[in-house]
$ cat coords33.pdb   # PDB, C-alpha atoms
ATOM      1  CA  MET A   1       0.000   0.000   0.000
ATOM      2  CA  LYS A   2       3.037   2.246  -0.135
ATOM      3  CA  GLY A   3       2.789   5.424  -2.139
ATOM      4  CA  GLU A   4      -0.946   5.815  -1.523
ATOM      5  CA  ALA A   5      -2.562   8.456   0.627
ATOM      6  CA  VAL A   6      -4.035   6.698   3.649
ATOM      7  CA  ARG A   7      -6.902   8.706   5.065
ATOM      8  CA  HIS A   8      -8.187   6.430   7.790
ATOM      9  CA  PRO A   9      -7.230   3.118   9.359
ATOM     10  CA  GLY A  10      -8.126  -0.037   7.538
ATOM     11  CA  ILE A  11      -9.107  -0.475   3.941
ATOM     12  CA  ASN A  12      -8.809   2.713   1.873
ATOM     13  CA  LEU A  13     -10.441   3.275  -1.493
ATOM     14  CA  GLY A  14      -7.433   5.115  -2.920
ATOM     15  CA  ASP A  15      -6.896   8.487  -4.546
ATOM     16  CA  ASP A  16      -8.368   7.618  -7.936
ATOM     17  CA  HIS A  17     -11.783   7.226  -6.299
ATOM     18  CA  GLY A  18     -11.779  10.984  -5.657
ATOM     19  CA  GLU A  19     -14.939  12.025  -3.860
ATOM     20  CA  ALA A  20     -15.659   8.603  -2.386
ATOM     21  CA  HIS A  21     -12.135   8.372  -0.973
ATOM     22  CA  SER A  22     -12.471  11.616   0.985
ATOM     23  CA  ALA A  23     -16.104  10.952   1.968
ATOM     24  CA  ALA A  24     -14.976   7.642   3.455
ATOM     25  CA  GLU A  25     -12.796   9.302   6.106
ATOM     26  CA  THR A  26     -15.483  10.299   8.638
ATOM     27  CA  LEU A  27     -17.805   7.423   7.719
ATOM     28  CA  VAL A  28     -15.151   4.803   8.290
ATOM     29  CA  PHE A  29     -13.979   6.404  11.534
ATOM     30  CA  GLY A  30     -17.587   6.346  12.798
ATOM     31  CA  PHE A  31     -17.879   2.729  11.781
ATOM     32  CA  TRP A  32     -14.708   1.879  13.712
ATOM     33  CA  VAL A  33     -16.309   3.442  16.812
ATOM     34  CA  PHE A  34     -19.279   1.091  16.317
ATOM     35  CA  LEU A  35     -17.007  -1.925  15.743
ATOM     36  CA  MET A  36     -15.023  -1.186  18.883
ATOM     37  CA  SER A  37     -18.190  -0.864  21.011
ATOM     38  CA  ASP A  38     -19.374  -4.145  19.490
ATOM     39  CA  LEU A  39     -16.001  -5.619  20.437
ATOM     40  CA  ILE A  40     -16.648  -4.624  24.078
ATOM     41  CA  VAL A  41     -20.068  -6.368  23.964
ATOM     42  CA  PHE A  42     -18.487  -9.556  22.603
ATOM     43  CA  GLY A  43     -15.598  -9.309  25.054
ATOM     44  CA  LEU A  44     -17.927  -9.175  28.050
ATOM     45  CA  MET A  45     -19.938 -12.129  26.717
ATOM     46  CA  PHE A  46     -16.596 -13.982  26.519
ATOM     47  CA  ALA A  47     -15.788 -12.985  30.103
ATOM     48  CA  THR A  48     -19.215 -14.222  31.273
ATOM     49  CA  TYR A  49     -18.705 -17.486  29.380
ATOM     50  CA  VAL A  50     -15.275 -18.090  30.922
ATOM     51  CA  THR A  51     -16.645 -17.556  34.456
ATOM     52  CA  MET A  52     -19.311 -20.172  33.627
ATOM     53  CA  LEU A  53     -16.784 -22.964  33.116
ATOM     54  CA  THR A  54     -16.599 -24.088  36.765
ATOM     55  CA  PRO A  55     -18.150 -27.459  37.748
ATOM     56  CA  ASN A  56     -20.852 -25.548  39.697
ATOM     57  CA  SER A  57     -21.995 -23.826  36.512
ATOM     58  CA  PHE A  58     -22.498 -27.142  34.705
ATOM     59  CA  ALA A  59     -25.222 -27.895  37.294
ATOM     60  CA  GLY A  60     -24.848 -31.627  36.659
ATOM     61  CA  GLY A  61     -25.817 -31.065  33.024
ATOM     62  CA  PRO A  62     -23.784 -31.523  29.863
ATOM     63  CA  GLU A  63     -20.186 -30.261  29.853
ATOM     64  CA  PRO A  64     -18.273 -28.749  26.909
ATOM     65  CA  LYS A  65     -16.802 -32.169  25.998
ATOM     66  CA  ASP A  66     -20.302 -33.655  25.701
ATOM     67  CA  VAL A  67     -21.827 -31.063  23.400
ATOM     68  CA  PHE A  68     -19.104 -29.669  21.092
ATOM     69  CA  ASN A  69     -18.222 -31.137  17.705
ATOM     70  CA  LEU A  70     -14.605 -30.484  16.678
ATOM     71  CA  GLY A  71     -15.083 -31.359  12.998
ATOM     72  CA  SER A  72     -18.035 -29.047  12.587
ATOM     73  CA  ALA A  73     -16.256 -26.191  14.400
ATOM     74  CA  PHE A  74     -13.279 -26.646  12.044
ATOM     75  CA  ALA A  75     -15.526 -26.613   8.944
ATOM     76  CA  GLN A  76     -17.258 -23.438  10.176
ATOM     77  CA  THR A  77     -13.893 -21.785  10.820
ATOM     78  CA  ILE A  78     -12.652 -22.542   7.298
ATOM     79  CA  LEU A  79     -15.933 -21.412   5.669
ATOM     80  CA  LEU A  80     -15.859 -18.089   7.523
ATOM     81  CA  LEU A  81     -12.159 -17.539   6.757
ATOM     82  CA  LEU A  82     -12.762 -18.192   3.036
ATOM     83  CA  SER A  83     -15.767 -15.874   3.142
ATOM     84  CA  SER A  84     -13.620 -13.157   4.718
ATOM     85  CA  LEU A  85     -11.012 -13.648   1.985
ATOM     86  CA  ALA A  86     -13.698 -13.436  -0.738
ATOM     87  CA  MET A  87     -14.917 -10.173   0.819
ATOM     88  CA  GLY A  88     -11.336  -8.909   0.718
ATOM     89  CA  PHE A  89     -11.169  -9.777  -3.006
ATOM     90  CA  ALA A  90     -14.466  -7.930  -3.571
ATOM     91  CA  GLY A  91     -12.822  -4.874  -1.997
ATOM     92  CA  LEU A  92      -9.749  -5.272  -4.231
ATOM     93  CA  ALA A  93     -11.967  -5.540  -7.328
ATOM     94  CA  LEU A  94     -13.745  -2.348  -6.270
ATOM     95  CA  ARG A  95     -10.534  -0.438  -5.526
ATOM     96  CA  TYR A  96      -8.251  -1.450  -8.368
ATOM     97  CA  LYS A  97     -10.277  -3.089 -11.113
ATOM     98  CA  HIS A  98     -13.298  -0.762 -11.082
ATOM     99  CA  SER A  99     -15.282  -3.794 -12.184
ATOM    100  CA  VAL A 100     -18.842  -4.156 -10.907
ATOM    101  CA  VAL A 101     -19.067  -7.682 -12.320
ATOM    102  CA  ARG A 102     -16.056  -8.840 -10.303
ATOM    103  CA  VAL A 103     -17.380  -7.150  -7.161
ATOM    104  CA  ASN A 104     -20.716  -8.923  -7.656
ATOM    105  CA  VAL A 105     -19.074 -12.337  -8.145
ATOM    106  CA  TRP A 106     -16.901 -12.032  -5.014
ATOM    107  CA  LEU A 107     -19.808 -10.715  -2.952
ATOM    108  CA  LEU A 108     -21.929 -13.697  -4.050
ATOM    109  CA  ILE A 109     -19.132 -16.162  -3.156
ATOM    110  CA  SER A 110     -18.776 -14.447   0.209
ATOM    111  CA  LEU A 111     -22.542 -14.632   0.759
ATOM    112  CA  PHE A 112     -22.771 -18.356  -0.042
ATOM    113  CA  LEU A 113     -19.823 -19.195   2.230
ATOM    114  CA  GLY A 114     -21.483 -17.145   4.985
ATOM    115  CA  ILE A 115     -24.767 -18.999   4.511
ATOM    116  CA  GLY A 116     -22.851 -22.313   4.607
ATOM    117  CA  PHE A 117     -21.315 -21.249   7.922
ATOM    118  CA  LEU A 118     -24.755 -20.395   9.321
ATOM    119  CA  ALA A 119     -26.235 -23.702   8.123
ATOM    120  CA  LEU A 120     -23.539 -25.718   9.948
ATOM    121  CA  GLU A 121     -23.894 -23.576  13.065
ATOM    122  CA  ILE A 122     -27.686 -23.915  13.196
ATOM    123  CA  ASN A 123     -27.313 -27.684  12.665
ATOM    124  CA  ASP A 124     -24.985 -27.828  15.701
ATOM    125  CA  PHE A 125     -27.439 -25.853  17.834
ATOM    126  CA  ARG A 126     -30.221 -28.257  16.813
ATOM    127  CA  ASP A 127     -28.087 -31.271  17.797
ATOM    128  CA  MET A 128     -27.364 -29.653  21.163
ATOM    129  CA  ILE A 129     -31.021 -28.895  21.829
ATOM    130  CA  GLU A 130     -31.982 -32.466  20.855
ATOM    131  CA  MET A 131     -29.595 -33.877  23.466
ATOM    132  CA  GLY A 132     -31.178 -31.635  26.107
ATOM    133  CA  ALA A 133     -28.406 -28.989  26.103
ATOM    134  CA  VAL A 134     -30.845 -26.050  26.091
ATOM    135  CA  PRO A 135     -29.995 -22.527  27.364
ATOM    136  CA  SER A 136     -32.033 -22.967  30.549
ATOM    137  CA  ARG A 137     -30.229 -26.219  31.527
ATOM    138  CA  SER A 138     -27.222 -24.582  33.225
ATOM    139  CA  GLY A 139     -25.257 -21.373  33.615
ATOM    140  CA  PHE A 140     -22.651 -22.741  31.209
ATOM    141  CA  LEU A 141     -25.261 -23.321  28.488
ATOM    142  CA  SER A 142     -26.919 -19.933  29.084
ATOM    143  CA  ALA A 143     -23.547 -18.251  28.575
ATOM    144  CA  PHE A 144     -22.837 -20.403  25.497
ATOM    145  CA  PHE A 145     -26.197 -19.554  23.905
ATOM    146  CA  GLY A 146     -25.630 -15.897  24.782
ATOM    147  CA  LEU A 147     -22.247 -15.729  23.080
ATOM    148  CA  VAL A 148     -22.137 -17.996  20.013
ATOM    149  CA  PRO A 149     -25.613 -17.247  18.554
ATOM    150  CA  LEU A 150     -24.878 -13.532  19.089
ATOM    151  CA  HIS A 151     -22.028 -13.948  16.620
ATOM    152  CA  GLY A 152     -24.355 -15.982  14.358
ATOM    153  CA  LEU A 153     -26.870 -13.128  14.500
ATOM    154  CA  HIS A 154     -24.133 -10.714  13.391
ATOM    155  CA  VAL A 155     -23.257 -13.018  10.480
ATOM    156  CA  THR A 156     -26.964 -13.173   9.541
ATOM    157  CA  ALA A 157     -27.100  -9.366   9.564
ATOM    158  CA  GLY A 158     -23.930  -9.345   7.435
ATOM    159  CA  CYS A 159     -25.514 -11.731   4.897
ATOM    160  CA  ILE A 160     -28.585  -9.474   4.646
ATOM    161  CA  TRP A 161     -26.220  -6.517   4.216
ATOM    162  CA  ILE A 162     -24.441  -8.315   1.317
ATOM    163  CA  VAL A 163     -27.803  -8.950  -0.388
ATOM    164  CA  ILE A 164     -28.732  -5.271   0.042
ATOM    165  CA  MET A 165     -25.380  -4.194  -1.435
ATOM    166  CA  LEU A 166     -25.889  -6.525  -4.428
ATOM    167  CA  ILE A 167     -29.249  -4.844  -5.031
ATOM    168  CA  GLN A 168     -27.798  -1.340  -4.575
ATOM    169  CA  LEU A 169     -24.937  -2.114  -6.978
ATOM    170  CA  ARG A 170     -27.524  -3.142  -9.576
ATOM    171  CA  VAL A 171     -29.844  -0.176  -8.983
ATOM    172  CA  PHE A 172     -27.415   2.687  -8.330
ATOM    173  CA  GLY A 173     -24.138   1.379  -9.732
ATOM    174  CA  PRO A 174     -20.825   2.027  -7.941
ATOM    175  CA  ASN A 175     -21.453   5.629  -6.825
ATOM    176  CA  THR A 176     -19.883   7.307  -3.780
ATOM    177  CA  VAL A 177     -22.568   6.170  -1.336
ATOM    178  CA  VAL A 178     -22.493   2.555  -2.504
ATOM    179  CA  LYS A 179     -18.678   2.437  -2.503
ATOM    180  CA  THR A 180     -18.345   3.721   1.064
ATOM    181  CA  ARG A 181     -21.051   1.264   2.177
ATOM    182  CA  LEU A 182     -19.109  -1.597   0.574
ATOM    183  CA  LEU A 183     -16.023  -0.382   2.414
ATOM    184  CA  ARG A 184     -17.843  -0.585   5.746
ATOM    185  CA  LEU A 185     -19.367  -3.966   4.876
ATOM    186  CA  GLY A 186     -15.824  -5.246   4.309
ATOM    187  CA  LEU A 187     -14.695  -3.959   7.717
ATOM    188  CA  PHE A 188     -17.740  -5.560   9.392
ATOM    189  CA  TRP A 189     -17.161  -8.935   7.712
ATOM    190  CA  HIS A 190     -13.438  -9.077   8.586
ATOM    191  CA  PHE A 191     -14.300  -8.006  12.135
ATOM    192  CA  LEU A 192     -16.766 -10.926  12.481
ATOM    193  CA  ASP A 193     -14.050 -13.363  11.431
ATOM    194  CA  ILE A 194     -11.752 -11.916  14.101
ATOM    195  CA  VAL A 195     -14.465 -12.409  16.753
ATOM    196  CA  TRP A 196     -14.863 -15.994  15.515
ATOM    197  CA  ILE A 197     -11.140 -16.631  16.225
ATOM    198  CA  GLY A 198     -11.957 -15.881  19.858
ATOM    199  CA  ILE A 199     -14.991 -18.197  19.758
ATOM    200  CA  PHE A 200     -13.249 -21.217  18.239
ATOM    201  CA  SER A 201     -10.167 -20.750  20.445
ATOM    202  CA  ILE A 202     -11.902 -20.178  23.783
ATOM    203  CA  VAL A 203     -15.250 -21.953  23.386
ATOM    204  CA  PHE A 204     -14.613 -24.934  21.102
ATOM    205  CA  LEU A 205     -10.872 -25.672  21.390
ATOM    206  CA  GLY A 206     -10.803 -24.492  25.013
ATOM    207  CA  GLY A 207     -13.747 -26.772  25.802
ATOM    208  CA  LEU A 208     -12.301 -29.820  24.073
ATOM    209  CA  ALA A 209      -8.602 -29.446  25.017
TER
ATOM    210  CA  MET B   1       3.253   3.403  -9.083
ATOM    211  CA  ASP B   2       0.730   2.079 -11.600
ATOM    212  CA  GLN B   3      -2.622   0.535 -10.847
ATOM    213  CA  ASP B   4      -1.749  -3.067 -11.712
ATOM    214  CA  HIS B   5       1.344  -3.029  -9.546
ATOM    215  CA  ARG B   6      -0.616  -1.663  -6.576
ATOM    216  CA  PHE B   7      -3.295  -4.308  -7.148
ATOM    217  CA  GLU B   8      -0.714  -7.087  -7.102
ATOM    218  CA  GLN B   9       0.824  -5.688  -3.940
ATOM    219  CA  ALA B  10      -2.554  -5.519  -2.196
ATOM    220  CA  LEU B  11      -3.477  -9.008  -3.427
ATOM    221  CA  ARG B  12      -0.234 -10.386  -2.025
ATOM    222  CA  GLN B  13      -1.169  -8.956   1.401
ATOM    223  CA  TYR B  14      -4.446 -10.903   1.398
ATOM    224  CA  ILE B  15      -2.760 -14.133   0.251
ATOM    225  CA  ILE B  16      -0.067 -13.873   2.952
ATOM    226  CA  GLY B  17      -2.761 -13.170   5.553
ATOM    227  CA  PHE B  18      -4.859 -16.103   4.376
ATOM    228  CA  VAL B  19      -1.977 -18.599   4.433
ATOM    229  CA  LEU B  20      -0.905 -17.460   7.922
ATOM    230  CA  ALA B  21      -4.516 -17.598   9.175
ATOM    231  CA  LEU B  22      -4.926 -21.099   7.732
ATOM    232  CA  ALA B  23      -1.766 -22.312   9.487
ATOM    233  CA  LEU B  24      -2.736 -20.643  12.777
ATOM    234  CA  THR B  25      -6.145 -22.361  12.544
ATOM    235  CA  GLY B  26      -4.959 -25.794  11.429
ATOM    236  CA  VAL B  27      -2.236 -26.262  14.046
ATOM    237  CA  PRO B  28      -4.395 -25.685  17.181
ATOM    238  CA  PHE B  29      -7.260 -27.791  15.772
ATOM    239  CA  ALA B  30      -4.783 -30.590  14.969
ATOM    240  CA  LEU B  31      -3.307 -30.400  18.493
ATOM    241  CA  VAL B  32      -6.747 -30.695  20.106
ATOM    242  CA  ALA B  33      -7.740 -33.538  17.760
ATOM    243  CA  TRP B  34      -4.443 -35.321  18.533
ATOM    244  CA  GLY B  35      -5.067 -34.856  22.267
ATOM    245  CA  LYS B  36      -1.744 -36.293  23.481
ATOM    246  CA  LEU B  37      -0.406 -33.142  25.174
ATOM    247  CA  PRO B  38      -1.572 -32.181  28.673
ATOM    248  CA  GLY B  39      -4.716 -30.006  28.631
ATOM    249  CA  SER B  40      -3.067 -26.870  30.019
ATOM    250  CA  VAL B  41      -0.215 -26.940  27.464
ATOM    251  CA  THR B  42      -2.696 -27.396  24.607
ATOM    252  CA  LEU B  43      -4.860 -24.576  25.958
ATOM    253  CA  LEU B  44      -1.918 -22.195  26.230
ATOM    254  CA  PHE B  45      -0.885 -23.016  22.673
ATOM    255  CA  VAL B  46      -4.455 -22.579  21.380
ATOM    256  CA  LEU B  47      -4.743 -19.144  23.029
ATOM    257  CA  LEU B  48      -1.348 -18.014  21.678
ATOM    258  CA  CYS B  49      -2.286 -19.118  18.140
ATOM    259  CA  GLY B  50      -5.658 -17.358  18.475
ATOM    260  CA  LEU B  51      -4.086 -14.069  19.604
ATOM    261  CA  THR B  52      -1.486 -14.267  16.834
ATOM    262  CA  GLN B  53      -4.172 -14.912  14.241
ATOM    263  CA  MET B  54      -6.158 -11.883  15.461
ATOM    264  CA  VAL B  55      -3.081  -9.709  14.958
ATOM    265  CA  VAL B  56      -2.472 -11.314  11.536
ATOM    266  CA  GLN B  57      -6.048 -10.613  10.390
ATOM    267  CA  PHE B  58      -5.905  -7.034  11.687
ATOM    268  CA  ARG B  59      -2.633  -6.557   9.829
ATOM    269  CA  TYR B  60      -3.329  -8.279   6.496
ATOM    270  CA  PHE B  61      -7.139  -8.108   6.102
ATOM    271  CA  LEU B  62      -7.983  -4.838   7.862
ATOM    272  CA  HIS B  63      -4.582  -3.276   7.088
ATOM    273  CA  ILE B  64      -4.114  -1.941  10.603
ATOM    274  CA  ASP B  65      -0.470  -1.470  11.501
ATOM    275  CA  PHE B  66       1.742   1.030  13.266
ATOM    276  CA  THR B  67       2.808   2.939  10.166
ATOM    277  CA  GLN B  68       0.971   5.323   7.876
ATOM    278  CA  GLN B  69      -2.011   5.456  10.239
ATOM    279  CA  LYS B  70      -3.642   8.496  11.709
ATOM    280  CA  ARG B  71      -2.648   8.235  15.327
ATOM    281  CA  GLU B  72      -6.051   9.059  16.872
ATOM    282  CA  ASP B  73      -7.683   6.229  14.923
ATOM    283  CA  LEU B  74      -5.105   3.703  15.992
ATOM    284  CA  LEU B  75      -5.552   4.986  19.564
ATOM    285  CA  LEU B  76      -9.299   4.242  19.362
ATOM    286  CA  ILE B  77      -8.530   0.592  18.671
ATOM    287  CA  LEU B  78      -5.780   0.323  21.264
ATOM    288  CA  PHE B  79      -7.861   2.086  23.935
ATOM    289  CA  SER B  80     -10.875  -0.178  23.277
ATOM    290  CA  THR B  81      -8.590  -3.177  23.635
ATOM    291  CA  LEU B  82      -7.250  -1.786  26.924
ATOM    292  CA  LEU B  83     -10.797  -1.221  28.284
ATOM    293  CA  LEU B  84     -11.774  -4.711  27.207
ATOM    294  CA  ALA B  85      -8.707  -6.228  28.844
ATOM    295  CA  ILE B  86      -9.511  -4.453  32.133
ATOM    296  CA  MET B  87     -13.208  -5.378  32.107
ATOM    297  CA  ALA B  88     -12.882  -8.955  30.848
ATOM    298  CA  GLY B  89      -9.703  -9.685  32.818
ATOM    299  CA  GLY B  90     -11.204  -8.162  35.982
ATOM    300  CA  THR B  91     -14.432 -10.125  35.613
ATOM    301  CA  ILE B  92     -12.655 -13.426  35.125
ATOM    302  CA  TRP B  93     -10.227 -12.743  37.975
ATOM    303  CA  ILE B  94     -12.890 -11.753  40.501
ATOM    304  CA  MET B  95     -15.396 -14.449  39.572
ATOM    305  CA  THR B  96     -12.913 -17.349  39.533
ATOM    306  CA  ASN B  97     -11.515 -16.137  42.850
ATOM    307  CA  LEU B  98     -15.057 -16.079  44.253
ATOM    308  CA  ALA B  99     -15.805 -19.553  42.870
ATOM    309  CA  HIS B 100     -12.604 -20.795  44.502
ATOM    310  CA  ARG B 101     -13.568 -19.387  47.908
ATOM    311  CA  MET B 102     -17.039 -20.915  47.763
ATOM    312  CA  HIS B 103     -15.622 -24.434  47.871
TER
END
$ encode --input "coords33.pdb" --output "structure tokens"
Amino acid sequence: MKGEAVRHPGINLGDDHGEAHSAAETLVFGFWVFLMSDLIVFGLMFATYVTMLTPNSFAGGPEPKDVFNLGSAFAQTILLLLSSLAMGFAGLALRYKHSVVRVNVWLLISLFLGIGFLALEINDFRDMIEMGAVPSRSGFLSAFFGLVPLHGLHVTAGCIWIVIMLIQLRVFGPNTVVKTRLLRLGLFWHFLDIVWIGIFSIVFLGGLA
Amino acid sequence: MDQDHRFEQALRQYIIGFVLALALTGVPFALVAWGKLPGSVTLLFVLLCGLTQMVVQFRYFLHIDFTQQKREDLLLILFSTLLLAIMAGGTIWIMTNLAHRMH
């Protein structure tokens, strides 16, 4: 990225985007404020979860080893990482190739990988509920169902956001407003993958180690 | 610098980030699946890999680093992390201590 004017942290549109590049400065800074407050919310859900890992909090119910599926967690991790990469490529296509077709293709790939992630996650929740591991069973499970589905809800919102951006790209084309929205969508999507690192490390690998 | 060259440079950043992230995901999962190391050693390794991968993704996907950034924006991220560390660390410390005393 050397030789380019960097106006704000994170992904920049670049000088040849003119108006959109300068408009992005305040918008992206505001979005970082949102992301960081969201990070605090997730962080405190993590803290609550970790305090709910004592034998008392299992309340004689299922423990992490009984309910987590390592293979499924790994598949979800890879799907979300690939989706994050596809979103990165969509951003590159927007910044350097000025190609709406390429942006559309990468956004669609990112969307399908995100939906695949959600499908696996919902399947895991259903398995857990079938074996009686419901949120009301113990403090551990309440904390689990507070933290992990909260991330899933964010991914769902992200998927809806991708669909909206696909529609806006078709209706309005890549104008300033649409470009800065795509920039923020990219930040949001990468941020969700970073939160997932915490989830698979602490919740799944921590629970099964 | 021309457009294509900048594109290739930016693309390389994503590829490097992806390969590192893949390695930092695969190794801890493999260790847990293998399950031969003591639990606490595995856990420590998993947490170290997780933290490293967070830094890698911030660096290569979100392009946050210590150069070329506007300082106040970088400070927002660092300060949020500090607040989080105090709140989450404090919660875990106090609550585990309490749980310990209740036995």
$ closest_residue --input "coords33.pdb" --among "A:Trp196, A:Phe31, A:Phe42, A:Tyr96" --to "chain B" --atoms "only C-alpha atoms"
A:Tyr96
$ resolve_selection --input "coords33.pdb" --expression "the PyMOL selection byres ((chain B and resi 18) around 9)" --output "compact mmCIF listing (two decimals) with C-alpha atoms, in the coordinates of the input"
# COMPACT_ATOMS: atom_id res chain seq x y z
CA LEU A 81 -12.16 -17.54 6.76
CA LEU A 82 -12.76 -18.19 3.04
CA LEU A 85 -11.01 -13.65 1.98
CA GLN B 13 -1.17 -8.96 1.40
CA TYR B 14 -4.45 -10.90 1.40
CA ILE B 15 -2.76 -14.13 0.25
CA ILE B 16 -0.07 -13.87 2.95
CA GLY B 17 -2.76 -13.17 5.55
CA VAL B 19 -1.98 -18.60 4.43
CA LEU B 20 -0.90 -17.46 7.92
CA ALA B 21 -4.52 -17.60 9.18
CA LEU B 22 -4.93 -21.10 7.73
CA ALA B 23 -1.77 -22.31 9.49
CA VAL B 56 -2.47 -11.31 11.54
CA GLN B 57 -6.05 -10.61 10.39
CA TYR B 60 -3.33 -8.28 6.50
CA PHE B 61 -7.14 -8.11 6.10
$ residues_around --input "coords33.pdb" --residues "Leu118 in chain A" --least-positions-apart "3" --cutoff "12 Å" --atoms "only C-alpha atoms" --output "JSON, numbers by chain"
{"A": [72, 73, 75, 76, 77, 79, 80, 83, 111, 112, 113, 114, 115, 121, 122, 123, 124, 125, 148, 149, 150, 151, 152, 153, 154, 155, 156, 157, 158, 159]}
$ resolve_selection --input "coords33.pdb" --expression "the PyMOL selection byres ((chain A and resi 86-94) around 7)" --output "list in words"
Leu82, Ser83, Ser84, Leu85, Arg95, Tyr96, Lys97, His98, Ser99, Arg102, Val103, Trp106, Leu107, Ile109, Ser110 and Gly186 of chain A; Phe61 of chain B
$ closest_residue --input "coords33.pdb" --among "B:Leu78, B:Phe45, B:Gln3, B:Phe66" --to "chain A" --atoms "all atoms listed in the file"
B:Gln3
$ resolve_selection --input "coords33.pdb" --expression "the PyMOL selection byres ((chain B and resi 29-34) around 8)" --output "VMD selection string"
(chain A and resid 70 74 205 208 to 209) or (chain B and resid 25 to 28 35 to 37 42)
$ decode --input "coords33.pdb" --residues "range 53-65 of chain A" --atoms "N, CA, C and O atoms" --output "CSV table (one decimal), in the first residue's frame"
chain,number,residue,atom,x,y,z
A,53,LEU,N,-17.4,-21.7,33.5
A,53,LEU,CA,-16.8,-23.0,33.1
A,53,LEU,C,-16.4,-23.8,34.4
A,53,LEU,O,-15.7,-24.7,34.3
A,54,THR,N,-16.9,-23.3,35.5
A,54,THR,CA,-16.6,-24.1,36.8
A,54,THR,C,-17.6,-25.2,36.9
A,54,THR,O,-18.7,-25.1,36.4
A,55,PRO,N,-17.2,-26.3,37.6
A,55,PRO,CA,-18.2,-27.5,37.7
A,55,PRO,C,-19.5,-27.0,38.3
A,55,PRO,O,-20.5,-27.6,37.8
A,56,ASN,N,-19.6,-26.0,39.2
A,56,ASN,CA,-20.9,-25.5,39.7
A,56,ASN,C,-21.8,-25.1,38.6
A,56,ASN,O,-23.0,-25.3,38.6
A,57,SER,N,-21.2,-24.4,37.6
A,57,SER,CA,-22.0,-23.8,36.5
A,57,SER,C,-22.5,-24.9,35.5
A,57,SER,O,-23.4,-24.6,34.7
A,58,PHE,N,-22.0,-26.1,35.6
A,58,PHE,CA,-22.5,-27.1,34.7
A,58,PHE,C,-23.8,-27.7,35.3
A,58,PHE,O,-24.6,-28.3,34.6
A,59,ALA,N,-24.0,-27.5,36.6
A,59,ALA,CA,-25.2,-27.9,37.3
A,59,ALA,C,-25.6,-29.3,37.0
A,59,ALA,O,-26.8,-29.7,36.9
A,60,GLY,N,-24.6,-30.2,36.9
A,60,GLY,CA,-24.8,-31.6,36.7
A,60,GLY,C,-25.3,-31.9,35.2
A,60,GLY,O,-25.6,-33.1,34.9
A,61,GLY,N,-25.4,-30.9,34.4
A,61,GLY,CA,-25.8,-31.1,33.0
A,61,GLY,C,-24.6,-31.3,32.1
A,61,GLY,O,-23.5,-31.7,32.6
A,62,PRO,N,-24.9,-31.2,30.8
A,62,PRO,CA,-23.8,-31.5,29.9
A,62,PRO,C,-22.6,-30.6,30.0
A,62,PRO,O,-22.8,-29.4,30.3
A,63,GLU,N,-21.4,-31.1,29.8
A,63,GLU,CA,-20.2,-30.3,29.9
A,63,GLU,C,-19.7,-30.0,28.4
A,63,GLU,O,-20.2,-30.6,27.5
A,64,PRO,N,-18.7,-29.1,28.3
A,64,PRO,CA,-18.3,-28.7,26.9
A,64,PRO,C,-17.9,-30.0,26.1
A,64,PRO,O,-18.3,-30.1,24.9
A,65,LYS,N,-17.2,-31.0,26.7
A,65,LYS,CA,-16.8,-32.2,26.0
A,65,LYS,C,-18.0,-33.0,25.5
A,65,LYS,O,-17.8,-33.7,24.5
